[in-house]
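Structure file start-v1.csv; described as CSV, C-alpha atoms.
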```
chain,number,residue,atom,x,y,z
A,235,MET,CA,-39.3,7.0,19.1
A,236,LYS,CA,-35.9,6.6,17.6
A,237,LEU,CA,-32.7,7.7,19.3
A,238,ARG,CA,-30.2,9.7,17.3
A,239,HIS,CA,-26.8,8.1,16.9
A,240,ARG,CA,-24.7,11.1,17.9
A,241,VAL,CA,-25.6,14.6,18.9
A,242,GLN,CA,-23.5,17.6,19.8
A,243,VAL,CA,-24.4,20.0,22.7
A,244,LYS,CA,-22.8,23.0,24.3
A,245,PRO,CA,-21.3,22.8,27.8
A,246,HIS,CA,-23.7,23.4,30.7
A,247,GLU,CA,-26.7,22.7,28.4
A,248,MET,CA,-29.8,20.9,29.5
A,249,VAL,CA,-30.3,17.9,27.2
A,250,VAL,CA,-34.0,17.5,26.4
A,251,VAL,CA,-35.8,14.5,24.9
A,252,GLY,CA,-36.2,16.3,21.6
A,253,ASP,CA,-32.4,16.6,21.4
A,254,VAL,CA,-31.6,12.9,21.6
A,255,ALA,CA,-34.6,11.4,19.9
A,256,GLN,CA,-36.8,11.7,16.8
A,257,MET,CA,-40.4,11.1,17.7
A,258,ILE,CA,-43.7,10.5,16.1
A,259,ALA,CA,-47.0,10.8,18.0
A,260,THR,CA,-50.7,11.2,17.1
A,261,ASP,CA,-51.1,14.0,19.6
A,262,ASP,CA,-49.0,17.0,18.5
A,263,GLN,CA,-49.4,18.9,21.8
A,264,LEU,CA,-48.3,16.0,23.8
A,265,LEU,CA,-45.4,15.4,21.4
A,266,GLU,CA,-44.2,19.0,21.9
A,267,LYS,CA,-44.5,18.7,25.7
A,268,ILE,CA,-42.5,15.5,25.7
A,269,LYS,CA,-39.8,16.9,23.5
A,270,GLN,CA,-39.1,19.6,26.1
A,271,LEU,CA,-38.7,17.2,29.0
A,272,PRO,CA,-35.2,17.4,30.5
A,273,VAL,CA,-33.2,14.2,30.2
A,274,TYR,CA,-29.8,15.2,31.5
A,275,GLN,CA,-27.9,18.3,32.7
A,276,ILE,CA,-24.4,18.4,31.3
A,277,GLN,CA,-21.9,18.8,34.1
A,278,PRO,CA,-18.3,20.0,33.9
A,279,HIS,CA,-17.0,16.6,35.1
A,280,ASP,CA,-18.6,14.8,32.1
A,281,LYS,CA,-15.7,15.9,30.0
A,282,ASN,CA,-16.7,15.5,26.4
A,283,ILE,CA,-18.8,12.4,26.0
A,284,VAL,CA,-22.0,11.4,27.7
A,285,ILE,CA,-24.0,8.3,26.8
A,286,ILE,CA,-27.7,8.5,27.2
A,287,ASP,CA,-29.4,5.1,27.3
A,288,VAL,CA,-32.8,4.5,25.8
A,289,MET,CA,-34.1,3.2,29.2
A,290,HIS,CA,-33.3,6.6,30.8
A,291,VAL,CA,-35.2,8.4,28.1
A,292,ILE,CA,-38.3,6.2,28.4
A,293,ASP,CA,-38.1,6.6,32.2
A,294,THR,CA,-38.2,10.4,31.8
A,295,ILE,CA,-41.1,10.2,29.5
A,296,VAL,CA,-43.2,7.7,31.5
A,297,ARG,CA,-42.6,9.6,34.8
A,298,SER,CA,-44.1,12.8,33.4
A,299,GLU,CA,-46.8,11.2,31.2
A,300,LYS,CA,-48.0,8.1,32.9
A,301,THR,CA,-50.4,7.1,30.2
A,302,VAL,CA,-48.2,7.1,27.1
A,303,ASP,CA,-47.0,4.0,25.4
A,304,VAL,CA,-43.4,4.4,24.1
A,305,GLN,CA,-42.1,2.2,21.3
A,306,THR,CA,-38.5,2.5,20.3
A,307,ILE,CA,-36.6,1.6,17.2
A,308,GLY,CA,-33.0,2.2,16.2
A,309,PRO,CA,-30.0,2.5,18.4
A,310,ALA,CA,-30.3,1.8,22.1
A,311,GLN,CA,-28.2,4.7,23.1
A,312,THR,CA,-27.2,8.2,22.0
A,313,ILE,CA,-23.7,9.5,22.2
A,314,VAL,CA,-23.8,13.1,23.4
A,315,GLU,CA,-20.7,15.0,22.5
A,316,VAL,CA,-20.1,18.1,24.5
A,317,VAL,CA,-18.5,20.6,22.2
A,318,TYR,CA,-16.3,23.1,24.0
A,319,GLU,CA,-15.1,26.3,22.4
A,320,LYS,CA,-13.1,24.9,19.5
A,321,LYS,CA,-9.5,25.6,20.2
A,322,ARG,CA,-7.8,26.4,17.0
A,323,VAL,CA,-4.9,24.3,16.1
A,324,SER,CA,-2.1,26.8,15.8
A,325,PHE,CA,-0.5,27.3,12.4
A,326,LEU,CA,2.9,26.6,14.0
A,327,SER,CA,2.0,23.1,15.2
A,328,PHE,CA,0.4,22.4,11.8
A,329,LEU,CA,3.6,23.5,10.1
A,330,PHE,CA,5.6,21.3,12.4
A,331,VAL,CA,3.5,18.2,11.6
A,332,TRP,CA,3.7,19.1,7.9
A,333,LEU,CA,7.5,19.3,8.0
A,334,LEU,CA,7.7,16.2,10.1
A,335,LEU,CA,5.7,14.2,7.5
A,336,PHE,CA,7.6,15.8,4.6
A,337,ILE,CA,11.0,15.1,5.9
A,338,GLY,CA,10.0,11.7,7.3
A,339,SER,CA,8.6,10.4,4.1
A,340,ALA,CA,11.5,11.8,2.1
A,341,LEU,CA,13.9,9.8,4.3
A,342,ALA,CA,11.6,6.8,4.3
A,343,ILE,CA,11.6,6.6,0.5
A,344,MET,CA,15.4,7.0,0.4
A,345,ASN,CA,15.8,4.2,2.9
A,346,PHE,CA,13.5,2.1,0.9
A,347,HIS,CA,15.5,2.6,-2.3
A,348,GLU,CA,18.7,1.7,-0.5
A,349,ASP,CA,17.1,-1.3,1.2
A,350,VAL,CA,15.9,-2.9,-2.0
A,351,SER,CA,19.0,-1.9,-4.0
A,352,MET,CA,16.9,0.1,-6.3
A,353,LYS,CA,19.9,1.8,-7.9
A,354,GLU,CA,21.5,-1.5,-9.1
A,355,MET,CA,18.1,-2.6,-10.3
A,356,HIS,CA,17.6,0.6,-12.3
A,357,GLN,CA,21.1,0.3,-13.9
A,358,HIS,CA,20.4,-3.3,-14.7
A,359,LEU,CA,17.1,-2.4,-16.3
A,360,TYR,CA,18.7,0.4,-18.3
A,361,THR,CA,21.1,-2.1,-19.7
A,362,MET,CA,18.4,-4.6,-20.3
A,363,ILE,CA,16.3,-2.2,-22.4
A,364,THR,CA,19.0,-0.2,-24.3
A,365,GLY,CA,22.1,-2.5,-24.2
A,366,GLU,CA,24.2,0.4,-22.9
A,367,LYS,CA,25.6,0.8,-19.4
A,368,THR,CA,25.1,3.9,-17.3
A,369,GLU,CA,25.8,5.0,-13.7
A,370,LYS,CA,22.7,7.1,-13.4
A,371,PRO,CA,19.7,6.1,-15.5
A,372,LEU,CA,18.0,9.4,-14.8
A,373,LEU,CA,15.8,9.0,-17.9
A,374,PHE,CA,14.1,6.2,-15.9
A,375,GLN,CA,14.4,7.7,-12.5
A,376,ILE,CA,12.9,11.1,-12.9
A,377,PRO,CA,9.6,9.9,-14.3
A,378,TYR,CA,9.7,7.2,-11.6
A,379,SER,CA,10.0,9.9,-8.9
A,380,PHE,CA,7.0,11.8,-10.2
A,381,GLY,CA,5.0,8.6,-10.7
A,382,LEU,CA,5.5,7.9,-7.1
A,383,GLY,CA,3.6,11.0,-6.1
A,384,ILE,CA,0.9,10.4,-8.8
A,385,GLY,CA,0.4,6.8,-7.5
A,386,MET,CA,-0.2,8.0,-3.9
A,387,ILE,CA,-2.7,10.6,-5.1
A,388,LEU,CA,-4.4,8.1,-7.3
A,389,TYR,CA,-4.7,5.7,-4.4
A,390,PHE,CA,-6.3,8.3,-2.1
A,391,ASN,CA,-8.4,9.5,-5.0
A,392,HIS,CA,-7.6,13.1,-4.4
A,393,LEU,CA,-6.2,15.5,-7.0
A,394,PHE,CA,-5.5,18.1,-4.4
A,395,ARG,CA,-9.1,19.2,-3.7
A,396,LYS,CA,-10.7,17.7,-6.7
A,397,ARG,CA,-12.1,14.2,-6.6
A,398,LEU,CA,-11.7,11.8,-9.5
A,399,ASN,CA,-15.0,10.1,-8.8
A,400,GLU,CA,-17.7,10.1,-6.2
A,401,GLU,CA,-16.8,7.0,-4.3
A,402,PRO,CA,-15.4,7.6,-0.8
A,403,SER,CA,-11.7,7.3,-0.8
A,404,PRO,CA,-10.0,4.7,1.4
A,405,LEU,CA,-8.9,7.5,3.6
A,406,GLU,CA,-12.5,8.5,4.3
A,407,VAL,CA,-13.6,4.8,4.8
A,408,GLU,CA,-10.7,4.4,7.2
A,409,MET,CA,-11.7,7.5,9.2
A,410,PHE,CA,-15.3,6.3,9.3
A,411,ASN,CA,-14.2,2.8,10.6
A,412,TYR,CA,-12.1,4.4,13.2
A,413,GLN,CA,-15.0,6.7,14.3
A,414,GLN,CA,-17.3,3.6,14.4
A,415,SER,CA,-14.9,1.7,16.7
A,416,LEU,CA,-14.5,4.7,19.0
A,417,ASP,CA,-18.3,5.0,19.2
A,418,GLN,CA,-18.6,1.4,19.9
A,419,TYR,CA,-16.0,1.7,22.7
A,420,VAL,CA,-17.6,4.7,24.4
A,421,ILE,CA,-21.1,3.2,24.2
A,422,LEU,CA,-19.8,0.2,26.2
A,423,HIS,CA,-17.4,2.0,28.5
A,424,GLU,CA,-19.2,5.3,29.3
A,425,ASN,CA,-22.7,3.9,29.5
A,426,LYS,CA,-23.7,4.0,33.2
A,427,GLU,CA,-26.5,1.5,32.6
A,428,SER,CA,-24.3,-1.2,31.3
A,429,MET,CA,-21.6,-0.4,33.8
A,430,LYS,CA,-24.0,-1.1,36.6
A,431,ARG,CA,-24.5,-4.6,35.4
A,432,ILE,CA,-20.8,-5.3,35.2
A,433,ASP,CA,-20.4,-4.0,38.8
A,434,ASP,CA,-23.0,-6.3,40.1
A,435,ASP,CA,-21.1,-9.4,39.1
B,25,MET,CA,25.3,-33.8,-13.5
B,26,THR,CA,23.4,-36.9,-12.7
B,27,THR,CA,19.7,-37.1,-13.3
B,28,ILE,CA,19.1,-37.0,-9.5
B,29,GLU,CA,21.1,-33.9,-9.2
B,30,VAL,CA,19.2,-32.3,-12.0
B,31,ALA,CA,15.9,-33.3,-10.5
B,32,PHE,CA,17.0,-32.0,-7.1
B,33,VAL,CA,18.1,-28.6,-8.5
B,34,ALA,CA,14.9,-28.3,-10.5
B,35,ILE,CA,12.7,-29.1,-7.4
B,36,VAL,CA,14.6,-26.6,-5.2
B,37,GLY,CA,14.3,-23.9,-7.9
B,38,PHE,CA,10.6,-24.7,-8.4
B,39,ALA,CA,9.9,-24.6,-4.6
B,40,GLY,CA,11.8,-21.3,-4.2
B,41,GLY,CA,9.8,-19.8,-7.1
B,42,LEU,CA,6.5,-21.1,-5.6
B,43,ALA,CA,7.3,-19.5,-2.3
B,44,ALA,CA,8.3,-16.2,-3.8
B,45,GLY,CA,5.3,-16.2,-6.1
B,46,THR,CA,2.8,-16.9,-3.3
B,47,GLY,CA,4.5,-14.3,-1.1
B,48,PHE,CA,4.2,-11.7,-3.9
B,49,VAL,CA,0.5,-12.4,-4.4
B,50,ALA,CA,-0.2,-12.3,-0.6
B,51,PHE,CA,1.6,-8.9,-0.5
B,52,LEU,CA,-0.6,-7.6,-3.4
B,53,VAL,CA,-3.7,-8.9,-1.8
B,54,VAL,CA,-3.0,-7.4,1.7
B,55,LEU,CA,-2.3,-4.0,0.2
B,56,GLY,CA,-5.3,-4.1,-2.1
B,57,VAL,CA,-3.8,-2.1,-4.9
B,58,ILE,CA,-5.6,-4.0,-7.7
B,59,PRO,CA,-9.1,-3.7,-6.2
B,60,ARG,CA,-8.4,0.0,-5.7
B,61,LEU,CA,-7.4,0.4,-9.3
B,62,THR,CA,-10.5,-1.4,-10.6
B,63,GLN,CA,-12.7,0.7,-8.3
B,64,LEU,CA,-11.1,3.9,-9.6
B,65,THR,CA,-11.5,2.9,-13.3
B,66,LYS,CA,-14.8,1.0,-12.8
B,67,THR,CA,-13.5,-2.0,-14.6
B,68,MET,CA,-14.6,-4.8,-12.2
B,69,LYS,CA,-15.3,-7.2,-15.0
B,70,TRP,CA,-11.7,-7.2,-16.2
B,71,ILE,CA,-10.4,-8.2,-12.8
B,72,HIS,CA,-9.2,-11.6,-14.0
B,73,ALA,CA,-7.3,-9.9,-16.8
B,74,TYR,CA,-5.5,-7.8,-14.2
B,75,GLU,CA,-4.6,-11.0,-12.3
B,76,TRP,CA,-3.0,-12.3,-15.4
B,77,SER,CA,-1.2,-9.1,-16.1
B,78,ALA,CA,0.4,-9.2,-12.6
B,79,VAL,CA,1.4,-12.8,-13.1
B,80,ALA,CA,2.7,-12.2,-16.6
B,81,GLY,CA,4.6,-9.2,-15.4
B,82,ALA,CA,6.2,-11.1,-12.5
B,83,VAL,CA,7.2,-14.0,-14.8
B,84,ILE,CA,8.6,-11.9,-17.6
B,85,GLY,CA,10.4,-9.6,-15.2
B,86,GLY,CA,11.8,-12.5,-13.3
B,87,TRP,CA,13.0,-14.3,-16.4
B,88,MET,CA,14.5,-11.2,-18.0
B,89,SER,CA,16.4,-10.1,-14.9
B,90,LEU,CA,17.7,-13.6,-14.2
B,91,ARG,CA,18.8,-14.2,-17.8
B,92,SER,CA,20.2,-10.6,-18.1
B,93,SER,CA,18.5,-10.4,-21.5
B,94,VAL,CA,19.1,-7.3,-23.6
B,95,LEU,CA,16.4,-5.8,-25.8
B,96,GLY,CA,18.5,-3.1,-27.5
B,97,ALA,CA,15.5,-0.8,-27.7
B,98,SER,CA,15.5,3.0,-27.7
B,99,LYS,CA,16.3,4.5,-24.3
B,100,TYR,CA,13.1,6.6,-24.5
B,101,TRP,CA,11.1,3.5,-23.6
B,102,LEU,CA,12.4,4.2,-20.1
B,103,LEU,CA,10.3,7.3,-19.7
B,104,PRO,CA,6.9,5.5,-19.7
B,105,LEU,CA,8.4,2.5,-17.9
B,106,GLY,CA,9.7,4.8,-15.1
B,107,MET,CA,6.4,6.5,-14.8
B,108,PHE,CA,4.5,3.2,-14.6
B,109,SER,CA,6.8,1.7,-12.0
B,110,GLY,CA,6.7,5.0,-10.0
B,111,VAL,CA,2.9,5.0,-9.9
B,112,PHE,CA,2.9,1.4,-8.9
B,113,ILE,CA,5.4,1.9,-6.0
B,114,GLY,CA,3.5,5.1,-5.1
B,115,MET,CA,0.3,3.1,-4.7
B,116,LEU,CA,2.0,0.5,-2.7
B,117,ALA,CA,3.4,3.1,-0.4
B,118,ALA,CA,0.0,4.8,0.0
B,119,ALA,CA,-1.6,1.4,0.7
B,120,LEU,CA,1.0,0.7,3.3
B,121,THR,CA,0.3,3.9,5.3
B,122,GLU,CA,-3.3,2.9,5.0
B,123,VAL,CA,-2.7,-0.6,6.5
B,124,LEU,CA,-0.7,1.0,9.3
B,125,ASN,CA,-3.7,3.2,10.3
B,126,VAL,CA,-1.6,6.3,10.4
B,127,TRP,CA,-4.3,8.7,9.2
B,128,PRO,CA,-7.2,8.3,11.5
B,129,ILE,CA,-4.9,8.5,14.5
B,130,LEU,CA,-3.1,11.5,13.2
B,131,ALA,CA,-6.3,13.3,12.4
B,132,LYS,CA,-8.1,12.5,15.6
B,133,ARG,CA,-5.3,12.9,18.1
B,134,MET,CA,-3.8,16.1,16.6
B,135,GLY,CA,-7.2,17.6,16.0
B,136,MET,CA,-6.4,18.1,12.4
B,137,ALA,CA,-9.3,16.3,10.7
B,138,ASP,CA,-9.9,19.2,8.4
B,139,LYS,CA,-6.3,19.4,7.2
B,140,VAL,CA,-5.8,15.7,6.3
B,141,ILE,CA,-5.5,16.5,2.6
B,142,LEU,CA,-2.7,19.0,3.3
B,143,LEU,CA,-0.9,16.5,5.4
B,144,LEU,CA,-1.4,13.9,2.7
B,145,MET,CA,0.3,16.4,0.3
B,146,ALA,CA,3.2,16.7,2.7
B,147,ILE,CA,3.8,13.0,2.4
B,148,VAL,CA,3.4,13.0,-1.4
B,149,PHE,CA,5.8,15.9,-1.9
B,150,GLY,CA,8.1,14.4,0.6
B,151,LYS,CA,8.2,11.2,-1.4
B,152,VAL,CA,8.8,12.9,-4.7
B,153,PHE,CA,11.4,15.2,-3.3
B,154,GLY,CA,13.1,12.4,-1.4
B,155,ALA,CA,13.2,10.2,-4.5
B,156,LEU,CA,14.6,13.0,-6.8
B,157,PHE,CA,17.1,14.0,-4.2
B,158,TYR,CA,18.2,10.4,-3.8
B,159,TRP,CA,18.7,9.8,-7.6
B,160,ILE,CA,20.2,13.1,-8.5
B,161,TYR,CA,22.5,13.9,-5.6
B,162,PHE,CA,22.7,11.3,-2.9
B,163,VAL,CA,23.7,8.4,-5.1
B,164,GLU,CA,26.7,10.3,-6.5
B,165,GLY,CA,27.9,11.2,-3.1
B,166,LYS,CA,28.5,7.6,-2.1
```
This entry written out as structure tokens:
Amino acid sequence: MKLRHRVQVKPHEMVVVGDVAQMIATDDQLLEKIKQLPVYQIQPHDKNIVIIDVMHVIDTIVRSEKTVDVQTIGPAQTIVEVVYEKKRVSFLSFLFVWLLLFIGSALAIMNFHEDVSMKEMHQHLYTMITGEKTEKPLLFQIPYSFGLGIGMILYFNHLFRKRLNEEPSPLEVEMFNYQQSLDQYVILHENKESMKRIDDD
Amino acid sequence: MTTIEVAFVAIVGFAGGLAAGTGFVAFLVVLGVIPRLTQLTKTMKWIHAYEWSAVAGAVIGGWMSLRSSVLGASKYWLLPLGMFSGVFIGMLAAALTEVLNVWPILAKRMGMADKVILLLMAIVFGKVFGALFYWIYFVEGK
């Protein structure tokens, strides 16, 4: 038997052994029977995450089939995610965040230019290359501004929707890491089995 | 100047350069722009050449700006130069949002995981717009 890392269920659903675990057995009939054994009834107060420990699953199996021998591999608990009716993010709030980021980053880049005296630097550079003086070296600054956007897109490896190559972008890796840390947290903090041990101390 | 004075100034200058140089390298390493570029272009074996290009760029740039040297070249050289420096700063800016962990929080908390690309575009356009606005209008107004 191998527990799945993460499963999604609907609210008020009965979680059965087959939901949380992949299993192999020589007796197909027995296997089907075990897969239908109830492990946990999702309750409203569970909110959206329930941790099912491997011990609990073995307990369920052994109670109903006294003679079976259960061997486990893989993760020691499954994260059961209760998926409620997906509430759609309204277009208005999305627009709000979009504008927030747009204006915020525009201001941030202006502050950055001011902060590092980019203007003087560009004027200096213009003189360095051409030998002439100018107040506004736009010939340098306009490609610079577009390059700024290109650099960010390059870094995140997205040309709008098209990928430049197949490696995951830093953004995706970052999202993955964050999800891993969240999972790690809920496994320790929402697991009733390990909580008990802490309480005993 | 006496020899001691000369030696002292040289040591102070050298020490200052050393500190600035190590700081620059640390900055590049933390933001991981060079690994990202090699990963994109699949040129891992040239990584040492990239190191040297960063070092050479810093040394030549530092020397030229301090000496106020003049090349007297055509002004159209500024077009590719501007583009390159823009891409570089853009990558630094992107790497900075990366280090600050803005994205995962934004996507998770606001429930907008499927719209991350669009939000990313908001930042990209914001940067381009902000920079153009700054150079063309804002600078003059001051």
Problem set entry | CA of Gln357 in chain A to CA of Pro371 in chain A, distance in Å rounded to a single decimal | 6.2 Å
For this session: At a cut-off of 7 Å, list the chain A residues touching chain B, using all atoms listed in the file, as a PyMOL selection string.
Result: chain A and resi 332+335-337+339-341+343-344+361-365+373-386+389+408-409+412
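CA of Val284 in chain A to CA of Ser324 in chain A spans 27.8 Å [interatomic distance, one decimal].
Reported to one decimal place, the separation of CA of Val304 in chain A from CA of Met235 in chain A is 7.0 Å.
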Problem set entry | Nearby residues (all atoms listed in the file) at most 12 Å from Phe48 in chain B, same-chain spacing under 3 positions excluded, as a ChimeraX atom specification | /B:41-45,51-55,78-79,81-83
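Nearest to Leu372 in chain A of all the residues A:His279, A:His356, A:Arg240, A:Lys300 is A:His356, based on all atoms listed in the file.
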Problem set entry | Spatial neighbours of range 251-261 of chain A, 6 Å, only C-alpha atoms, chain gap at least 4 places, as a ChimeraX atom specification | /A:235-238,265,269,271,273
Counting all atoms listed in the file, note down every residue that has an atom within 10 Å of the point (-28.6, 5.4, 22.4) (file coordinates), as a PDB file with C-alpha atoms, in the coordinates of the input.
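What landed in out.pdb:
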```pdb
ATOM      1  CA  LYS A 236     -35.900   6.600  17.600  1.00  0.00           C
ATOM      2  CA  LEU A 237     -32.700   7.700  19.300  1.00  0.00           C
ATOM      3  CA  ARG A 238     -30.200   9.700  17.300  1.00  0.00           C
ATOM      4  CA  HIS A 239     -26.800   8.100  16.900  1.00  0.00           C
ATOM      5  CA  ARG A 240     -24.700  11.100  17.900  1.00  0.00           C
ATOM      6  CA  VAL A 254     -31.600  12.900  21.600  1.00  0.00           C
ATOM      7  CA  ALA A 255     -34.600  11.400  19.900  1.00  0.00           C
ATOM      8  CA  ILE A 285     -24.000   8.300  26.800  1.00  0.00           C
ATOM      9  CA  ILE A 286     -27.700   8.500  27.200  1.00  0.00           C
ATOM     10  CA  ASP A 287     -29.400   5.100  27.300  1.00  0.00           C
ATOM     11  CA  VAL A 288     -32.800   4.500  25.800  1.00  0.00           C
ATOM     12  CA  MET A 289     -34.100   3.200  29.200  1.00  0.00           C
ATOM     13  CA  HIS A 290     -33.300   6.600  30.800  1.00  0.00           C
ATOM     14  CA  VAL A 291     -35.200   8.400  28.100  1.00  0.00           C
ATOM     15  CA  GLY A 308     -33.000   2.200  16.200  1.00  0.00           C
ATOM     16  CA  PRO A 309     -30.000   2.500  18.400  1.00  0.00           C
ATOM     17  CA  ALA A 310     -30.300   1.800  22.100  1.00  0.00           C
ATOM     18  CA  GLN A 311     -28.200   4.700  23.100  1.00  0.00           C
ATOM     19  CA  THR A 312     -27.200   8.200  22.000  1.00  0.00           C
ATOM     20  CA  ILE A 313     -23.700   9.500  22.200  1.00  0.00           C
ATOM     21  CA  VAL A 314     -23.800  13.100  23.400  1.00  0.00           C
ATOM     22  CA  ILE A 421     -21.100   3.200  24.200  1.00  0.00           C
ATOM     23  CA  ASN A 425     -22.700   3.900  29.500  1.00  0.00           C
TER      24      ASN A 425
END
```
